[in-house]
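What follows is a set of notes on a single structure, which appears directly below.
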Amino acid sequence: MSLELLTELLDLPHVRVVGYELPDRDTIILDIEFDLPAAMCPTCHQISTAIHSYVPPRTVRDLDVWNRMCYLRFQPRQFVCGHCQDTFVERLVWLEERQHQTRRMEVRMFELARRTNVTDAAWYHRTTDERAEALFLREARRRVEGRGYPRVEELNVDEIALRKGQGNYVLVISSPGIGVLDVLPNRLKETLIAWLDDRGAEWCAAIKRFNADMWAPYHDVARAKLPNAKAVADHFHVIKDLNDALATVRRTLQRQADETTRAHLKGSRWLIVKNPESLSDTERQRLVEVLEAEPTLKACYDLKEDFRAIYHMPDAEEAASALEQWLKQARAITLSPFQAFVTTVENWRDHILNFFDGRSSNGFGEGVNHKIKLIKRRAYGCPNFEHFRLRVIVAFGT
């Protein structure tokens, strides 16, 4: 193969291939030289054409070609600056200082590790896990720092367990159109306040909607730090709490029922919490039998569906009226699990109705959490928080 063709295929600026070597069946080494007769002094930024000397040859890894690991071998030039008299080794746009691989090799390794995991990226590029991880983290930090914190109008916050079952939650802050803005090491009120303080008053003032579950500290922070934001009690969590209350009612009634009724109620949990439009014909018939067997459960189920229908109301005024009517009917259910949910609705009434101002929700945040769980499984867990944070942020397009 001609050296001119190799130079064209290599496609690096001001570089030409002057030779090559095939030391084994898995490797190709390209000997390269530079076309530019000058370099910029890093001290005074003046151009120098005076070559002082040649430093010892270097060999760096580049992208694989023809299923061979490709290395570039060259002799860096040391220039002397005619302006400040400093000597310096020329900087190459495609190779960072003190690195052993080209920039495009780093980016390729990063992209593969981001989409799979460090172990798979290391295997594919025939390097060590430690090397692949170091390259991934370096590029991830570069991208996260370069992106910063763009101004957004909607903010979603939700927690996720860093290690399932151990209670060590981290707080994920996201926004539609951006993805994950940041991951905080815990869900403490003080941590979220400090993060918002770091963003500044102008950034916080741009937030128009704040979506979170019904945990008071989140909304206390929103009230204190986001002056123009409407805080929304995420309807996903509200409906989840309602379904949990209904499931607890079913268990309570099943324990108290006679043997025949107990047989009808057994194994019906998912039938009563599943949206009726998602039921099959067989499931729908089974649900009718369950509700006919226990009138109190039917009353609670009907209230559950009436509450879901409120979220389809056209505006906040109609929804508020329907919610007041719903509360009157729900208070007649004396079972404590259902009354606990009624109390929750009363306490969070305004935050629930704020949903109708723009119909924003934390659905995007829930989708983010689902993807984070996939990242954790794909990466075989992320015990190091900072590595976990970087991996999550760059997974959403940074």
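As shown in the structure tokens, the chain order sets the letters A, B, ...; within each chain, residues go from 1, and ligands are also counted from 1 in the order they appear.
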Determine which residues of segment 139-263 of chain A receive a DSSP assignment of strand (DSSP E or B), computed from the backbone, and state them as a ChimeraX atom specification.
/A:154-161,169-175,179-184,209-212,230-233
Residues from the last selection, N, CA and C atoms, saved as a PDB file, in the first residue's frame:
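Result file part09.pdb:
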```pdb
ATOM      1  N   GLU A 154     -38.251  24.072  33.947  1.00  0.00           N
ATOM      2  CA  GLU A 154     -38.886  22.988  34.705  1.00  0.00           C
ATOM      3  C   GLU A 154     -37.812  22.154  35.385  1.00  0.00           C
ATOM      4  N   LEU A 155     -38.049  21.882  36.661  1.00  0.00           N
ATOM      5  CA  LEU A 155     -37.071  21.139  37.456  1.00  0.00           C
ATOM      6  C   LEU A 155     -37.769  19.941  38.085  1.00  0.00           C
ATOM      7  N   ASN A 156     -37.179  18.767  37.902  1.00  0.00           N
ATOM      8  CA  ASN A 156     -37.685  17.541  38.515  1.00  0.00           C
ATOM      9  C   ASN A 156     -36.651  17.016  39.504  1.00  0.00           C
ATOM     10  N   VAL A 157     -37.099  16.650  40.683  1.00  0.00           N
ATOM     11  CA  VAL A 157     -36.194  16.031  41.643  1.00  0.00           C
ATOM     12  C   VAL A 157     -36.806  14.721  42.115  1.00  0.00           C
ATOM     13  N   ASP A 158     -35.962  13.723  42.221  1.00  0.00           N
ATOM     14  CA  ASP A 158     -36.420  12.408  42.690  1.00  0.00           C
ATOM     15  C   ASP A 158     -35.210  11.656  43.224  1.00  0.00           C
ATOM     16  N   GLU A 159     -35.444  10.820  44.218  1.00  0.00           N
ATOM     17  CA  GLU A 159     -34.336  10.078  44.793  1.00  0.00           C
ATOM     18  C   GLU A 159     -34.266   8.672  44.200  1.00  0.00           C
ATOM     19  N   ILE A 160     -33.076   8.109  44.270  1.00  0.00           N
ATOM     20  CA  ILE A 160     -32.859   6.730  43.832  1.00  0.00           C
ATOM     21  C   ILE A 160     -31.790   6.126  44.726  1.00  0.00           C
ATOM     22  N   ALA A 161     -31.936   4.851  45.008  1.00  0.00           N
ATOM     23  CA  ALA A 161     -30.981   4.185  45.893  1.00  0.00           C
ATOM     24  C   ALA A 161     -29.692   3.891  45.141  1.00  0.00           C
ATOM     25  N   TYR A 169     -29.774   6.903  49.710  1.00  0.00           N
ATOM     26  CA  TYR A 169     -30.375   7.514  48.535  1.00  0.00           C
ATOM     27  C   TYR A 169     -29.537   8.682  48.030  1.00  0.00           C
ATOM     28  N   VAL A 170     -29.555   8.865  46.715  1.00  0.00           N
ATOM     29  CA  VAL A 170     -28.988  10.057  46.105  1.00  0.00           C
ATOM     30  C   VAL A 170     -30.133  10.803  45.430  1.00  0.00           C
ATOM     31  N   LEU A 171     -29.923  12.080  45.189  1.00  0.00           N
ATOM     32  CA  LEU A 171     -30.978  12.910  44.615  1.00  0.00           C
ATOM     33  C   LEU A 171     -30.632  13.236  43.164  1.00  0.00           C
ATOM     34  N   VAL A 172     -31.545  12.903  42.262  1.00  0.00           N
ATOM     35  CA  VAL A 172     -31.347  13.139  40.839  1.00  0.00           C
ATOM     36  C   VAL A 172     -32.148  14.371  40.431  1.00  0.00           C
ATOM     37  N   ILE A 173     -31.466  15.350  39.862  1.00  0.00           N
ATOM     38  CA  ILE A 173     -32.102  16.593  39.416  1.00  0.00           C
ATOM     39  C   ILE A 173     -32.076  16.599  37.887  1.00  0.00           C
ATOM     40  N   SER A 174     -33.262  16.709  37.293  1.00  0.00           N
ATOM     41  CA  SER A 174     -33.346  16.616  35.837  1.00  0.00           C
ATOM     42  C   SER A 174     -34.311  17.647  35.292  1.00  0.00           C
ATOM     43  N   SER A 175     -34.310  17.792  33.971  1.00  0.00           N
ATOM     44  CA  SER A 175     -35.220  18.715  33.305  1.00  0.00           C
ATOM     45  C   SER A 175     -35.467  18.221  31.883  1.00  0.00           C
ATOM     46  N   GLY A 179     -32.058  16.598  30.220  1.00  0.00           N
ATOM     47  CA  GLY A 179     -31.666  15.328  30.820  1.00  0.00           C
ATOM     48  C   GLY A 179     -31.317  15.545  32.277  1.00  0.00           C
ATOM     49  N   VAL A 180     -30.290  14.879  32.728  1.00  0.00           N
ATOM     50  CA  VAL A 180     -29.879  15.008  34.129  1.00  0.00           C
ATOM     51  C   VAL A 180     -28.975  16.223  34.286  1.00  0.00           C
ATOM     52  N   LEU A 181     -29.398  17.143  35.155  1.00  0.00           N
ATOM     53  CA  LEU A 181     -28.569  18.311  35.446  1.00  0.00           C
ATOM     54  C   LEU A 181     -27.476  17.971  36.441  1.00  0.00           C
ATOM     55  N   ASP A 182     -27.831  17.164  37.454  1.00  0.00           N
ATOM     56  CA  ASP A 182     -26.837  16.805  38.453  1.00  0.00           C
ATOM     57  C   ASP A 182     -27.371  15.659  39.303  1.00  0.00           C
ATOM     58  N   VAL A 183     -26.457  15.045  40.039  1.00  0.00           N
ATOM     59  CA  VAL A 183     -26.791  14.018  41.015  1.00  0.00           C
ATOM     60  C   VAL A 183     -26.152  14.431  42.326  1.00  0.00           C
ATOM     61  N   LEU A 184     -26.962  14.561  43.376  1.00  0.00           N
ATOM     62  CA  LEU A 184     -26.469  14.983  44.683  1.00  0.00           C
ATOM     63  C   LEU A 184     -26.264  13.765  45.580  1.00  0.00           C
ATOM     64  N   ARG A 209     -41.660  25.662  37.038  1.00  0.00           N
ATOM     65  CA  ARG A 209     -42.368  24.491  37.565  1.00  0.00           C
ATOM     66  C   ARG A 209     -41.370  23.604  38.305  1.00  0.00           C
ATOM     67  N   PHE A 210     -41.821  23.116  39.440  1.00  0.00           N
ATOM     68  CA  PHE A 210     -40.992  22.244  40.277  1.00  0.00           C
ATOM     69  C   PHE A 210     -41.803  20.991  40.585  1.00  0.00           C
ATOM     70  N   ASN A 211     -41.310  19.834  40.146  1.00  0.00           N
ATOM     71  CA  ASN A 211     -42.027  18.566  40.303  1.00  0.00           C
ATOM     72  C   ASN A 211     -41.268  17.648  41.249  1.00  0.00           C
ATOM     73  N   ALA A 212     -41.971  17.147  42.243  1.00  0.00           N
ATOM     74  CA  ALA A 212     -41.358  16.232  43.206  1.00  0.00           C
ATOM     75  C   ALA A 212     -42.454  15.392  43.850  1.00  0.00           C
ATOM     76  N   LYS A 230     -44.107  27.054  40.454  1.00  0.00           N
ATOM     77  CA  LYS A 230     -45.251  26.382  41.048  1.00  0.00           C
ATOM     78  C   LYS A 230     -44.828  24.959  41.393  1.00  0.00           C
ATOM     79  N   ALA A 231     -44.986  24.609  42.664  1.00  0.00           N
ATOM     80  CA  ALA A 231     -44.577  23.282  43.125  1.00  0.00           C
ATOM     81  C   ALA A 231     -45.727  22.302  42.895  1.00  0.00           C
ATOM     82  N   VAL A 232     -45.413  21.185  42.241  1.00  0.00           N
ATOM     83  CA  VAL A 232     -46.418  20.183  41.892  1.00  0.00           C
ATOM     84  C   VAL A 232     -46.124  18.887  42.627  1.00  0.00           C
ATOM     85  N   ALA A 233     -47.145  18.371  43.315  1.00  0.00           N
ATOM     86  CA  ALA A 233     -47.038  17.029  43.882  1.00  0.00           C
ATOM     87  C   ALA A 233     -47.247  16.056  42.741  1.00  0.00           C
TER      88      ALA A 233
END
```
Which residue out of A:His312, A:Gly267, A:Asp302, A:Arg115 has the minimum interatomic distance to Leu374 of chain A when only C-alpha atoms are used?
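Nearest to Leu374 of chain A: A:Arg115.
You can rank A:Arg103, A:Asp35, A:Arg114, A:Arg151 by their closest distance to Arg77 of chain A using only C-alpha atoms, and at the top of that list sits A:Asp35.
When the distance limit is 12 Å and only C-alpha atoms are what count, the residues near Ile51 of chain A, minus those fewer than 5 positions from it on the same chain, are Leu36, Pro37, Ala38, Ala39, Met40, Cys41, Pro76, Arg77, Gln78, Phe79, Val80, Cys81, Gly82, Asp86, Thr87, Phe88, Val89 and Glu90 of chain A.
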Just C-alpha atoms for this one: save the residues we selected as a short mmCIF file (atom, residue, chain, number, x, y, z; two decimals), in the first residue's frame.
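Produced file out_6.cif, reproduced below:
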```cif
data_model
loop_
_atom_site.label_atom_id
_atom_site.label_comp_id
_atom_site.auth_asym_id
_atom_site.auth_seq_id
_atom_site.Cartn_x
_atom_site.Cartn_y
_atom_site.Cartn_z
CA LEU A 36 4.02 22.35 9.44
CA PRO A 37 7.42 24.07 9.70
CA ALA A 38 6.39 26.14 12.73
CA ALA A 39 4.73 25.86 16.14
CA MET A 40 3.13 28.27 18.62
CA CYS A 41 4.97 29.09 21.83
CA PRO A 76 8.47 15.32 18.61
CA ARG A 77 10.21 18.55 17.71
CA GLN A 78 11.46 21.04 20.26
CA PHE A 79 11.37 24.69 19.19
CA VAL A 80 13.01 27.79 20.60
CA CYS A 81 10.90 30.94 20.70
CA GLY A 82 12.55 34.00 19.16
CA ASP A 86 11.71 29.66 25.86
CA THR A 87 12.15 26.19 24.45
CA PHE A 88 9.06 24.07 24.05
CA VAL A 89 7.86 20.82 22.49
CA GLU A 90 5.24 21.44 19.83
#
```
